[in-house]
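Participant: Sharing data-v3.txt (compact mmCIF, C-alpha atoms) below.
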```
# COMPACT_ATOMS: atom_id res chain seq x y z
CA MET A 1 0.00 0.00 0.00
CA THR A 2 1.20 3.48 -0.77
CA VAL A 3 0.81 4.63 2.83
CA THR A 4 3.63 2.25 3.84
CA GLU A 5 6.08 3.43 1.18
CA SER A 6 8.90 5.71 2.19
CA PRO A 7 9.33 9.10 0.45
CA THR A 8 12.62 7.85 -0.95
CA LYS A 9 10.90 4.85 -2.50
CA ALA A 10 8.17 6.98 -4.04
CA VAL A 11 10.70 9.30 -5.62
CA SER A 12 12.79 6.41 -6.97
CA GLU A 13 9.72 4.93 -8.67
CA ALA A 14 9.25 8.12 -10.68
CA VAL A 15 12.87 8.20 -11.90
CA PRO A 16 13.57 6.67 -15.34
CA LEU A 17 15.86 3.67 -15.14
CA ARG A 18 18.67 5.41 -17.02
CA ARG A 19 18.70 8.10 -14.28
CA ASN A 20 18.40 5.68 -11.38
CA ARG A 21 21.87 6.14 -9.92
CA ARG A 22 21.65 3.27 -7.48
CA PHE A 23 20.61 0.77 -10.15
CA GLN A 24 23.17 2.01 -12.68
CA THR A 25 25.93 1.95 -10.05
CA LEU A 26 24.97 -1.56 -8.98
CA TRP A 27 24.72 -2.63 -12.62
CA ALA A 28 28.16 -1.20 -13.44
CA GLY A 29 29.67 -3.04 -10.50
CA SER A 30 27.94 -6.26 -11.54
CA ALA A 31 29.17 -5.79 -15.11
CA ALA A 32 32.74 -5.36 -13.84
CA ALA A 33 32.42 -8.50 -11.70
CA MET A 34 31.00 -10.51 -14.61
CA LEU A 35 33.74 -9.35 -17.00
CA GLY A 36 36.39 -10.21 -14.43
CA THR A 37 34.87 -13.66 -13.98
CA CYS A 38 34.77 -14.28 -17.74
CA VAL A 39 38.41 -13.20 -18.07
CA ALA A 40 39.35 -15.49 -15.17
CA ASP A 41 37.41 -18.43 -16.62
CA THR A 42 39.68 -18.28 -19.68
CA ALA A 43 42.93 -17.13 -18.06
CA TYR A 44 43.10 -19.69 -15.25
CA PRO A 45 42.85 -22.81 -17.47
CA LEU A 46 45.36 -21.34 -19.92
CA LEU A 47 47.70 -20.55 -17.03
CA LEU A 48 47.38 -24.07 -15.62
CA LEU A 49 48.01 -25.52 -19.06
CA ALA A 50 51.17 -23.42 -19.39
CA MET A 51 52.34 -24.34 -15.86
CA THR A 52 51.71 -28.08 -16.04
CA GLY A 53 51.07 -29.03 -19.67
CA SER A 54 48.10 -31.09 -18.41
CA PRO A 55 44.68 -30.59 -20.05
CA THR A 56 43.14 -32.46 -17.10
CA LEU A 57 44.44 -29.93 -14.59
CA ALA A 58 43.42 -27.08 -16.89
CA GLY A 59 39.88 -28.45 -16.98
CA ALA A 60 39.92 -29.02 -13.22
CA PHE A 61 39.62 -25.27 -12.63
CA GLY A 62 36.17 -25.10 -14.20
CA ALA A 63 35.09 -28.33 -12.52
CA VAL A 64 36.08 -27.07 -9.06
CA GLN A 65 34.47 -23.67 -9.68
CA PHE A 66 31.15 -25.16 -10.83
CA GLY A 67 31.29 -27.74 -8.05
CA ALA A 68 31.64 -25.04 -5.39
CA SER A 69 28.78 -23.02 -6.92
CA VAL A 70 26.47 -26.03 -6.86
CA LEU A 71 27.61 -27.16 -3.39
CA PHE A 72 27.00 -23.79 -1.74
CA GLY A 73 24.18 -22.62 -4.02
CA LEU A 74 21.16 -23.45 -1.86
CA HIS A 75 22.85 -22.22 1.31
CA GLY A 76 23.67 -18.96 -0.46
CA GLY A 77 19.95 -18.36 -0.96
CA ALA A 78 19.19 -19.03 2.71
CA VAL A 79 21.91 -16.57 3.72
CA ALA A 80 20.47 -13.92 1.37
CA ASP A 81 17.03 -14.36 2.96
CA ARG A 82 18.33 -14.34 6.54
CA HIS A 83 20.98 -11.62 6.46
CA ASP A 84 21.40 -8.11 5.11
CA LYS A 85 21.86 -8.56 1.36
CA ARG A 86 24.19 -5.57 1.07
CA ARG A 87 26.60 -7.06 3.61
CA VAL A 88 26.49 -10.43 1.87
CA LEU A 89 27.27 -8.73 -1.44
CA ILE A 90 30.17 -6.75 0.06
CA LEU A 91 31.61 -9.88 1.65
CA ALA A 92 31.37 -11.87 -1.61
CA ASP A 93 33.04 -9.06 -3.58
CA THR A 94 35.77 -8.78 -0.93
CA VAL A 95 36.55 -12.50 -1.10
CA ARG A 96 36.74 -12.33 -4.90
CA LEU A 97 39.09 -9.31 -4.69
CA VAL A 98 41.39 -10.98 -2.14
CA THR A 99 41.44 -14.18 -4.20
CA ALA A 100 42.45 -12.39 -7.40
CA LEU A 101 45.05 -10.35 -5.52
CA SER A 102 46.59 -13.46 -3.95
CA VAL A 103 47.04 -15.06 -7.37
CA ALA A 104 48.56 -11.90 -8.87
CA VAL A 105 51.02 -11.58 -5.96
CA ALA A 106 51.94 -15.28 -6.20
CA LEU A 107 52.66 -14.88 -9.90
CA PHE A 108 54.86 -11.84 -9.32
CA THR A 109 56.84 -13.70 -6.65
CA HIS A 110 56.96 -16.93 -8.71
CA ARG A 111 55.20 -18.89 -5.94
CA LEU A 112 51.91 -19.81 -7.59
CA THR A 113 51.05 -23.51 -7.26
CA VAL A 114 48.32 -25.75 -8.65
CA PRO A 115 46.61 -26.14 -5.23
CA HIS A 116 46.55 -22.33 -4.94
CA THR A 117 44.77 -21.96 -8.29
CA LEU A 118 42.25 -24.69 -7.42
CA LEU A 119 41.53 -22.99 -4.09
CA ALA A 120 40.97 -19.81 -6.08
CA ALA A 121 38.49 -21.71 -8.26
CA ALA A 122 36.60 -22.88 -5.16
CA ALA A 123 36.54 -19.33 -3.76
CA ILE A 124 35.24 -17.89 -7.02
CA GLY A 125 32.54 -20.56 -7.19
CA ALA A 126 31.50 -19.84 -3.60
CA THR A 127 31.26 -16.09 -4.24
CA MET A 128 28.96 -16.83 -7.18
CA ALA A 129 26.76 -18.97 -4.90
CA TYR A 130 26.46 -16.36 -2.17
CA GLY A 131 26.75 -13.17 -4.20
CA GLY A 132 24.36 -14.19 -7.00
CA PRO A 133 21.11 -14.33 -4.97
CA ALA A 134 22.09 -11.27 -2.92
CA ARG A 135 22.77 -9.31 -6.12
CA MET A 136 19.40 -10.27 -7.60
CA LEU A 137 17.57 -9.20 -4.44
CA ALA A 138 19.60 -5.98 -4.38
CA LEU A 139 18.45 -5.23 -7.92
CA ARG A 140 14.86 -5.69 -6.80
CA ALA A 141 15.45 -3.30 -3.91
CA VAL A 142 16.64 -0.39 -6.10
CA VAL A 143 14.15 -0.77 -8.97
CA PRO A 144 10.38 -0.23 -8.73
CA PRO A 145 8.22 -3.18 -9.83
CA GLU A 146 7.07 -1.58 -13.08
CA GLN A 147 10.72 -1.24 -14.23
CA LEU A 148 11.75 -4.78 -13.29
CA ARG A 149 11.63 -6.20 -16.83
CA GLN A 150 13.58 -3.25 -18.20
CA ALA A 151 16.22 -3.64 -15.48
CA LEU A 152 16.52 -7.39 -16.06
CA SER A 153 16.81 -6.78 -19.81
CA GLN A 154 19.72 -4.42 -19.20
CA ASP A 155 21.23 -7.10 -16.97
CA GLU A 156 21.20 -9.47 -19.96
CA LEU A 157 23.45 -7.02 -21.81
CA ARG A 158 25.92 -7.34 -18.92
CA VAL A 159 25.91 -11.14 -19.07
CA ASN A 160 26.22 -11.51 -22.83
CA GLY A 161 28.60 -8.59 -23.25
CA ALA A 162 30.98 -10.10 -20.71
CA ALA A 163 30.68 -13.53 -22.34
CA LEU A 164 31.61 -12.00 -25.69
CA ALA A 165 34.47 -9.76 -24.50
CA GLY A 166 35.95 -11.92 -21.72
CA PRO A 167 37.72 -14.75 -23.61
CA PRO A 168 39.49 -12.61 -26.25
CA LEU A 169 40.40 -10.03 -23.61
CA ALA A 170 41.92 -12.77 -21.46
CA GLY A 171 43.98 -14.04 -24.40
CA PHE A 172 45.19 -10.53 -25.20
CA LEU A 173 46.15 -9.79 -21.59
CA LEU A 174 47.97 -13.11 -21.24
CA GLY A 175 50.03 -12.10 -24.25
CA LEU A 176 51.21 -9.08 -22.25
CA GLY A 177 52.28 -11.21 -19.28
CA ARG A 178 51.03 -14.05 -17.13
CA ALA A 179 50.02 -11.80 -14.24
CA VAL A 180 48.24 -9.16 -16.35
CA PRO A 181 44.81 -10.89 -16.62
CA PHE A 182 44.77 -11.40 -12.86
CA LEU A 183 45.61 -7.75 -12.24
CA ALA A 184 42.64 -6.97 -14.47
CA THR A 185 40.41 -9.21 -12.33
CA VAL A 186 41.70 -7.38 -9.23
CA LEU A 187 40.60 -4.07 -10.76
CA ALA A 188 37.24 -5.53 -11.82
CA SER A 189 36.66 -6.95 -8.35
CA ALA A 190 37.59 -3.62 -6.77
CA ALA A 191 35.06 -1.85 -9.00
CA ALA A 192 32.35 -4.34 -8.02
CA LEU A 193 33.19 -3.94 -4.32
CA GLY A 194 33.13 -0.16 -4.63
CA ALA A 195 29.67 -0.28 -6.19
CA SER A 196 28.36 -2.61 -3.47
CA VAL A 197 29.68 -0.28 -0.76
CA ALA A 198 28.30 2.84 -2.47
CA VAL A 199 24.73 1.65 -3.04
CA ARG A 200 22.22 1.80 -0.18
CA PHE A 201 19.06 -0.31 -0.37
CA ASP A 202 15.62 0.86 0.68
CA PRO A 203 13.85 -1.39 3.20
CA GLU A 204 11.33 -3.59 1.45
CA PRO A 205 7.75 -4.11 2.73
CA GLY A 206 7.80 -7.10 5.06
CA GLU A 207 11.60 -7.02 5.34
CA GLY A 208 11.41 -7.80 9.04
CA GLN A 209 9.55 -11.00 8.36
CA ALA A 210 11.85 -11.90 5.46
CA ALA A 211 14.93 -11.38 7.59
CA SER A 212 13.74 -14.07 9.98
CA GLY A 213 13.32 -16.56 7.17
CA GLY A 214 15.77 -19.34 6.52
CA LYS A 215 16.05 -20.51 10.14
CA GLU A 216 13.37 -23.20 10.20
CA LYS A 217 14.17 -26.88 9.72
CA GLY A 218 14.90 -27.67 6.08
CA ALA A 219 14.95 -23.96 5.26
CA VAL A 220 17.75 -24.36 2.72
CA PHE A 221 15.44 -26.43 0.49
CA ALA A 222 12.34 -24.26 0.95
CA GLY A 223 12.90 -22.33 -2.28
CA LEU A 224 13.43 -25.56 -4.22
CA ARG A 225 10.23 -27.05 -2.77
CA TYR A 226 8.27 -23.92 -3.68
CA LEU A 227 9.52 -23.95 -7.27
CA PHE A 228 8.50 -27.56 -7.80
CA ALA A 229 5.14 -27.15 -6.03
CA ASP A 230 3.99 -24.44 -8.46
CA PRO A 231 3.08 -25.98 -11.87
CA THR A 232 4.16 -22.96 -13.95
CA LEU A 233 7.44 -22.44 -12.11
CA ARG A 234 8.16 -26.17 -12.13
CA ALA A 235 7.66 -26.50 -15.88
CA THR A 236 9.62 -23.30 -16.56
CA VAL A 237 12.58 -24.35 -14.43
CA LEU A 238 12.67 -27.91 -15.80
CA VAL A 239 12.54 -26.80 -19.44
CA THR A 240 15.20 -24.13 -18.80
CA VAL A 241 17.45 -26.69 -17.11
CA ALA A 242 16.91 -29.07 -20.04
CA LEU A 243 17.86 -26.27 -22.46
CA ASN A 244 20.99 -25.51 -20.44
CA LEU A 245 21.97 -29.17 -20.34
CA ALA A 246 21.29 -29.76 -24.04
CA GLY A 247 22.94 -26.47 -24.98
CA SER A 248 26.20 -27.27 -23.19
CA ALA A 249 26.20 -30.71 -24.81
CA MET A 250 25.57 -29.12 -28.21
CA LEU A 251 28.51 -26.73 -27.79
CA LEU A 252 30.94 -29.60 -27.22
CA ALA A 253 29.47 -31.48 -30.17
CA VAL A 254 29.93 -28.52 -32.55
CA MET A 255 33.51 -28.09 -31.32
CA VAL A 256 34.23 -31.67 -32.34
CA LEU A 257 32.33 -31.19 -35.58
CA LEU A 258 34.35 -28.10 -36.50
CA ARG A 259 37.60 -29.87 -35.63
CA ASP A 260 36.62 -32.76 -37.89
CA HIS A 261 35.96 -30.26 -40.68
CA GLY A 262 39.48 -28.85 -40.28
CA THR A 263 38.46 -25.55 -38.68
CA SER A 264 41.27 -23.86 -36.76
CA GLU A 265 41.03 -23.18 -33.02
CA ALA A 266 40.68 -19.46 -33.74
CA GLY A 267 37.88 -20.16 -36.21
CA THR A 268 36.13 -22.39 -33.68
CA GLY A 269 36.37 -19.68 -31.03
CA LEU A 270 34.86 -17.11 -33.37
CA ALA A 271 32.05 -19.49 -34.34
CA LEU A 272 31.16 -20.05 -30.68
CA THR A 273 30.80 -16.30 -30.10
CA GLY A 274 27.52 -16.60 -31.99
CA GLU A 275 25.91 -17.52 -28.66
CA ALA A 276 26.94 -14.24 -27.01
CA VAL A 277 26.12 -12.20 -30.13
CA GLY A 278 22.62 -13.70 -30.23
CA GLY A 279 22.16 -12.90 -26.55
CA LEU A 280 23.21 -9.28 -27.09
CA LEU A 281 20.82 -8.92 -30.03
CA GLY A 282 18.04 -10.62 -28.07
CA ALA A 283 18.27 -8.42 -24.95
CA PRO A 284 16.46 -5.42 -26.55
CA LEU A 285 13.67 -7.81 -27.68
CA VAL A 286 12.75 -8.92 -24.16
CA THR A 287 9.94 -6.45 -23.51
CA ARG A 288 8.42 -6.93 -26.97
CA LEU A 289 8.45 -10.73 -26.66
CA HIS A 290 6.90 -10.56 -23.20
CA ARG A 291 4.10 -8.36 -24.48
CA THR A 292 3.47 -10.61 -27.47
CA LEU A 293 3.75 -14.08 -25.93
CA ALA A 294 2.41 -15.66 -22.75
CA PRO A 295 5.06 -17.27 -20.48
CA GLY A 296 4.32 -20.86 -21.52
CA VAL A 297 4.18 -20.02 -25.22
CA LEU A 298 7.48 -18.12 -24.99
CA LEU A 299 9.10 -21.01 -23.16
CA LEU A 300 7.98 -23.57 -25.75
CA ALA A 301 8.89 -21.31 -28.68
CA VAL A 302 12.48 -20.82 -27.47
CA ALA A 303 12.89 -24.52 -26.62
CA TRP A 304 11.51 -25.82 -29.95
CA THR A 305 13.64 -23.32 -31.87
CA ALA A 306 16.72 -24.66 -30.10
CA ALA A 307 15.76 -28.28 -30.81
CA LEU A 308 15.35 -27.56 -34.52
CA LEU A 309 18.57 -25.56 -34.76
CA PHE A 310 20.56 -28.42 -33.23
CA LEU A 311 20.11 -30.12 -36.59
CA VAL A 312 21.55 -27.29 -38.70
CA PRO A 313 25.29 -27.81 -37.98
CA ALA A 314 24.87 -31.57 -38.54
CA LEU A 315 23.35 -30.95 -41.96
CA ALA A 316 25.68 -28.16 -43.07
CA GLY A 317 28.74 -27.93 -40.86
CA GLY A 318 31.19 -25.03 -40.93
CA PRO A 319 32.08 -22.06 -38.69
CA VAL A 320 29.70 -19.64 -40.43
CA VAL A 321 26.76 -22.04 -40.12
CA VAL A 322 27.58 -22.75 -36.46
CA PHE A 323 27.85 -19.03 -35.70
CA ALA A 324 24.49 -18.32 -37.35
CA ALA A 325 22.74 -21.26 -35.66
CA LEU A 326 24.02 -20.25 -32.21
CA ALA A 327 23.09 -16.61 -32.77
CA VAL A 328 19.52 -17.41 -33.83
CA MET A 329 19.15 -19.97 -31.06
CA SER A 330 20.22 -17.41 -28.44
CA LEU A 331 17.91 -14.60 -29.55
CA GLY A 332 15.11 -15.75 -27.26
CA VAL A 333 17.30 -16.78 -24.31
CA PRO A 334 17.38 -13.31 -22.64
CA ALA A 335 13.57 -13.17 -22.78
CA LEU A 336 13.42 -16.63 -21.23
CA ARG A 337 15.86 -15.78 -18.43
CA VAL A 338 14.06 -12.51 -17.65
CA MET A 339 10.74 -14.39 -17.70
CA LEU A 340 12.06 -16.82 -15.10
CA ASP A 341 13.32 -13.97 -12.92
CA VAL A 342 10.01 -12.11 -13.20
CA LEU A 343 8.00 -15.20 -12.28
CA VAL A 344 10.20 -15.82 -9.25
CA PHE A 345 10.08 -12.21 -8.07
CA GLN A 346 6.32 -11.86 -8.55
CA GLN A 347 5.14 -15.26 -7.31
CA VAL A 348 7.57 -16.41 -4.63
CA PRO A 349 6.94 -14.95 -1.14
CA GLU A 350 9.44 -12.34 0.01
CA ALA A 351 10.61 -14.49 2.92
CA MET A 352 11.99 -17.23 0.63
CA ARG A 353 12.80 -15.28 -2.52
CA GLY A 354 16.55 -15.56 -2.06
CA ARG A 355 16.30 -19.32 -1.69
CA ALA A 356 14.13 -19.58 -4.81
CA VAL A 357 16.64 -17.52 -6.81
CA ALA A 358 19.49 -19.66 -5.47
CA ALA A 359 17.64 -22.90 -6.25
CA THR A 360 17.08 -21.72 -9.83
CA MET A 361 20.72 -20.69 -10.27
CA THR A 362 21.96 -23.97 -8.78
CA LEU A 363 19.80 -26.08 -11.08
CA LEU A 364 20.90 -24.11 -14.13
CA MET A 365 24.58 -24.35 -13.23
CA ALA A 366 24.32 -28.07 -12.51
CA GLY A 367 23.10 -28.61 -16.07
CA LEU A 368 26.34 -27.32 -17.60
CA PRO A 369 28.80 -29.99 -16.41
CA VAL A 370 26.16 -32.73 -16.77
CA GLY A 371 25.54 -31.73 -20.39
CA THR A 372 29.23 -31.53 -21.22
CA MET A 373 29.96 -34.89 -19.58
CA THR A 374 27.03 -36.55 -21.38
CA ALA A 375 28.15 -35.15 -24.72
CA GLY A 376 31.70 -36.34 -24.08
CA LEU A 377 30.52 -39.89 -23.43
CA LEU A 378 28.38 -39.85 -26.59
CA LEU A 379 31.14 -38.35 -28.72
CA ASP A 380 33.54 -41.09 -27.64
CA ARG A 381 31.24 -43.58 -29.37
CA LEU A 382 29.36 -41.63 -32.05
CA PRO A 383 30.26 -38.97 -34.64
CA ALA A 384 29.18 -35.40 -33.96
CA THR A 385 26.79 -35.54 -36.94
CA THR A 386 24.89 -38.26 -35.07
CA VAL A 387 25.12 -36.75 -31.59
CA LEU A 388 23.53 -33.44 -32.63
CA PRO A 389 20.31 -35.03 -34.03
CA LEU A 390 20.22 -37.30 -30.98
CA LEU A 391 20.34 -34.28 -28.66
CA ALA A 392 17.60 -32.62 -30.73
CA ALA A 393 15.45 -35.75 -30.48
CA LEU A 394 15.92 -36.01 -26.72
CA LEU A 395 15.00 -32.37 -26.20
CA ALA A 396 11.98 -32.66 -28.51
CA GLY A 397 10.84 -35.81 -26.70
CA GLY A 398 10.81 -33.93 -23.42
CA LEU A 399 8.98 -30.95 -24.90
CA LEU A 400 6.26 -32.90 -26.69
CA PRO A 401 4.09 -33.73 -23.62
CA LEU A 402 4.26 -30.11 -22.43
CA THR A 403 3.35 -28.85 -25.89
CA LEU A 404 0.36 -31.16 -26.25
CA GLY A 405 -0.91 -30.38 -22.74
CA ARG A 406 -2.85 -27.23 -21.93
CA SER A 407 -1.40 -26.34 -18.53
CA LEU A 408 1.75 -24.66 -19.84
CA ARG A 409 0.25 -23.16 -23.00
CA GLY A 410 -2.56 -21.62 -20.93
CA THR A 411 -0.32 -19.70 -18.51
CA SER A 412 -0.47 -15.91 -18.23
CA TRP A 413 1.77 -13.25 -16.74
CA PRO A 414 1.19 -12.77 -12.99
CA LYS A 415 0.21 -9.33 -11.75
CA ALA A 416 2.97 -7.36 -10.04
```
What would the structure in this file look like if it were written as structure tokens?
Facilitator:
Amino acid sequence: MTVTESPTKAVSEAVPLRRNRRFQTLWAGSAAAMLGTCVADTAYPLLLLAMTGSPTLAGAFGAVQFGASVLFGLHGGAVADRHDKRRVLILADTVRLVTALSVAVALFTHRLTVPHTLLAAAAIGATMAYGGPARMLALRAVVPPEQLRQALSQDELRVNGAALAGPPLAGFLLGLGRAVPFLATVLASAAALGASVAVRFDPEPGEGQAASGGKEKGAVFAGLRYLFADPTLRATVLVTVALNLAGSAMLLAVMVLLRDHGTSEAGTGLALTGEAVGGLLGAPLVTRLHRTLAPGVLLLAVAWTAALLFLVPALAGGPVVVFAALAVMSLGVPALRVMLDVLVFQQVPEAMRGRAVAATMTLLMAGLPVGTMTAGLLLDRLPATTVLPLLAALLAGGLLPLTLGRSLRGTSWPKA
């Protein structure tokens, strides 16, 4: 009710998003953190490969990072619900800054070891688990409800822009010196920490009740239980997880396909940027797609488009075809991710919102290594031109019952 809103809140609701200093400051800090993470995700494996010559140890960095994110993911949501989200965000940014600084110092003193880098991977994964839900709730605290979609759409630009710029930037900085990419991550982490310290959050209605959440028995799993109890949220999360799993498997399959076609590593890298390019082009379409399509229809449209496009590289392989297929496939992904965020923010009670966000993030992240591992097992036995249609068939088989049923197609956008 308006009588409970603070004057500060009322003023902030009237300010256009581009002039909302708190949101733009928080967004800039988040963008810096995401870019630093994307640079690190490329620089650390390359550094380990140069140090040890072992592809297994190079791949271990990503495995440890994802493992820590999944392990601490649900607890991170409970912490965001129970404690002050600004403090959680500051602590996560501080840990990421100290981690990057320790690696840079170790490189300068020639004392960096493999266990040190793997501990850094675990720390980065943990900061994602705890900082991710807190950052999403912080965004909700500085943006009025009617601007939520617009704010989340701008957030998609941050994610896809970092994914596009991070890997080549990491390669360029490594060319300048082994420690340079890690100095860049120190600066990025410092910018994110500065933004978290600078931004103050308005108290939300019911914040007192929300702050006491997360202490009851089984509280860590409360968000997960809520997601799966609601038919719309359950279907949305499951289809999105399936897309994430199939998408990561598809990426490995097209890498093998391009290698078999004689494409260079540089050409393969450029072809894979189609995913980030499609996401960047799709971010401005979020609001239009949400106005045109109901949640269930949007979900099915994006998923069926992906299933069909899995077949394209198998029929006409080559870096240009792969780039185009990934770009078109990714056009609807920002609208799908924003849809999931909007449904969570508008349907999940305030007291368990952090846990619901964390449960969603954990499920999505868990799909990445599972998809890659599954694709690897298939590619050991089958050619990529067979694996891609198989992935398309599996995804289509899962979508068919949802498409024929009325429950998902009949969904509508919840009221704010």
Participant: Counting only C-alpha atoms, which residues of stretch 227-275 of chain A sit at most 12 Å from some atom of stretch 384-396 of chain A, and what is each one's closest atom pair with its distance in Å to one decimal, listed by chain and rising residue number, as a tab-separated table?
Facilitator:
```
residue	atom	partner	partner_atom	distance
A:Leu238	CA	A:Leu395	CA	11.6
A:Val239	CA	A:Leu395	CA	9.1
A:Thr240	CA	A:Leu395	CA	11.1
A:Val241	CA	A:Leu395	CA	11.0
A:Ala242	CA	A:Leu395	CA	7.2
A:Leu243	CA	A:Leu395	CA	7.7
A:Asn244	CA	A:Leu395	CA	10.8
A:Leu245	CA	A:Leu395	CA	9.7
A:Ala246	CA	A:Leu391	CA	6.5
A:Gly247	CA	A:Leu391	CA	9.0
A:Ser248	CA	A:Leu391	CA	10.6
A:Ala249	CA	A:Leu391	CA	7.9
A:Met250	CA	A:Leu388	CA	6.5
A:Leu251	CA	A:Leu388	CA	9.7
A:Leu252	CA	A:Ala384	CA	9.1
A:Ala253	CA	A:Ala384	CA	5.5
A:Val254	CA	A:Ala384	CA	7.1
A:Met255	CA	A:Ala384	CA	8.9
A:Val256	CA	A:Ala384	CA	6.5
A:Leu257	CA	A:Ala384	CA	5.5
A:Leu258	CA	A:Ala384	CA	9.3
A:Arg259	CA	A:Ala384	CA	10.2
A:Asp260	CA	A:Ala384	CA	8.8
A:His261	CA	A:Ala384	CA	10.8
```
Participant: Mind pulling up the distance from atom CA of A:Ala316 to atom CA of A:Leu399?
Facilitator: 24.8 Å
Participant: Quick one: of A:Ala78, A:Val103, A:Val199, A:Leu183, who's nearest to A:Gly36, counting all atoms listed in the file?
Facilitator: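 Distance minimum relative to A:Gly36 lands on A:Leu183.
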Participant: Hey, which of A:Ala198, A:Leu101, A:Ala335, A:Val237 ends up closest to A:Leu89? Count all atoms listed in the file.
Facilitator: A:Ala198
Participant: Within 12 Å of A:Gly177, counting all atoms listed in the file, which residues show up once you throw out same-chain ones fewer than 6 positions away? Write them as a list in words, please.
Facilitator: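 These residues fall inside the cut-off: Ala43, Leu47, Ala104, Leu107, Phe108, Ala170, Gly171, Leu183 and Ala184 of chain A.
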Participant: Which protein, DNA or RNA residues are at most 12 Å from (32.0, -27.7, -6.4) in the file's coordinates when you count all atoms listed in the file, listed as a PyMOL selection string?
Facilitator: chain A and resi 60-73+118-129+362+365-366+369
Participant: Can I get the selected residues back with C-alpha atoms, as an mmCIF file, in the coordinates of the input?
Facilitator:
```
data_model
loop_
_atom_site.group_PDB
_atom_site.id
_atom_site.type_symbol
_atom_site.label_atom_id
_atom_site.label_comp_id
_atom_site.auth_asym_id
_atom_site.auth_seq_id
_atom_site.Cartn_x
_atom_site.Cartn_y
_atom_site.Cartn_z
ATOM 1 C CA ALA A 60 39.920 -29.020 -13.220
ATOM 2 C CA PHE A 61 39.620 -25.270 -12.630
ATOM 3 C CA GLY A 62 36.170 -25.100 -14.200
ATOM 4 C CA ALA A 63 35.090 -28.330 -12.520
ATOM 5 C CA VAL A 64 36.080 -27.070 -9.060
ATOM 6 C CA GLN A 65 34.470 -23.670 -9.680
ATOM 7 C CA PHE A 66 31.150 -25.160 -10.830
ATOM 8 C CA GLY A 67 31.290 -27.740 -8.050
ATOM 9 C CA ALA A 68 31.640 -25.040 -5.390
ATOM 10 C CA SER A 69 28.780 -23.020 -6.920
ATOM 11 C CA VAL A 70 26.470 -26.030 -6.860
ATOM 12 C CA LEU A 71 27.610 -27.160 -3.390
ATOM 13 C CA PHE A 72 27.000 -23.790 -1.740
ATOM 14 C CA GLY A 73 24.180 -22.620 -4.020
ATOM 15 C CA LEU A 118 42.250 -24.690 -7.420
ATOM 16 C CA LEU A 119 41.530 -22.990 -4.090
ATOM 17 C CA ALA A 120 40.970 -19.810 -6.080
ATOM 18 C CA ALA A 121 38.490 -21.710 -8.260
ATOM 19 C CA ALA A 122 36.600 -22.880 -5.160
ATOM 20 C CA ALA A 123 36.540 -19.330 -3.760
ATOM 21 C CA ILE A 124 35.240 -17.890 -7.020
ATOM 22 C CA GLY A 125 32.540 -20.560 -7.190
ATOM 23 C CA ALA A 126 31.500 -19.840 -3.600
ATOM 24 C CA THR A 127 31.260 -16.090 -4.240
ATOM 25 C CA MET A 128 28.960 -16.830 -7.180
ATOM 26 C CA ALA A 129 26.760 -18.970 -4.900
ATOM 27 C CA THR A 362 21.960 -23.970 -8.780
ATOM 28 C CA MET A 365 24.580 -24.350 -13.230
ATOM 29 C CA ALA A 366 24.320 -28.070 -12.510
ATOM 30 C CA PRO A 369 28.800 -29.990 -16.410
#
```
Participant: I'd like to know which of A:Leu272, A:Ile90, A:Leu49, A:Val286 is closest to A:Val342, using all atoms listed in the file.
Facilitator: A:Val286
Participant: Env of A:Arg86: 12 Å cut, atoms = all atoms listed in the file, seq-sep filter 2 positions within chain, self excluded. Answer as a ChimeraX atom specification.
Facilitator: /A:26,79-84,88-93,130-139,141-142,193-203
Participant: Around (18.4, -16.5, -19.6), as given in the file, which residues come within 10 Å? Count all atoms listed in the file and list them as a ChimeraX atom specification.
Facilitator: /A:152-153,156,159-160,240,244,279,283,330,332-341,364
Participant: Between atom CA of A:Gly405 and atom CA of A:Leu309, what is the distance in Å, rounded to a tenth?
Facilitator: 23.4 Å
Participant: In Å, rounded to a single decimal, give me how far atom CA of A:Asp41 is from atom CA of A:Ala188.
Facilitator: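 Taking atom CA of A:Ala188 as the start and atom CA of A:Asp41 as the end point, the length is 13.8 Å.
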Participant: Measuring atom to atom with only C-alpha atoms, identify which of A:Gly269, A:Gly166, A:Gly317, A:Gly296 is nearest to A:Thr232.
Facilitator: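 Closest to A:Thr232, using only C-alpha atoms: A:Gly296.
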Participant: Give the padded box for stretch 248-263 of chain A as AutoDock Vina command-line options: axis-aligned, covering all atoms listed in the file, 8 Å on each side, centre and edge lengths in Å to one decimal.
Facilitator:
```
--center_x 32.5 --center_y -29.2 --center_z -31.9 --size_x 29.9 --size_y 23.2 --size_z 33.5
```
Participant: Rank nothing, just name the residue among A:Ser189, A:Leu46, A:Ser30, A:Pro319 nearest to A:Val95, using only C-alpha atoms.
Facilitator: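 Closest to A:Val95, using only C-alpha atoms: A:Ser189.
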Participant: Measuring between all atoms listed in the file, which one of A:Leu400, A:Arg22, A:Ala33, A:Gly262 shows the shortest distance to A:Ala307?
Facilitator: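 Smallest separation from A:Ala307 among the options: A:Leu400.
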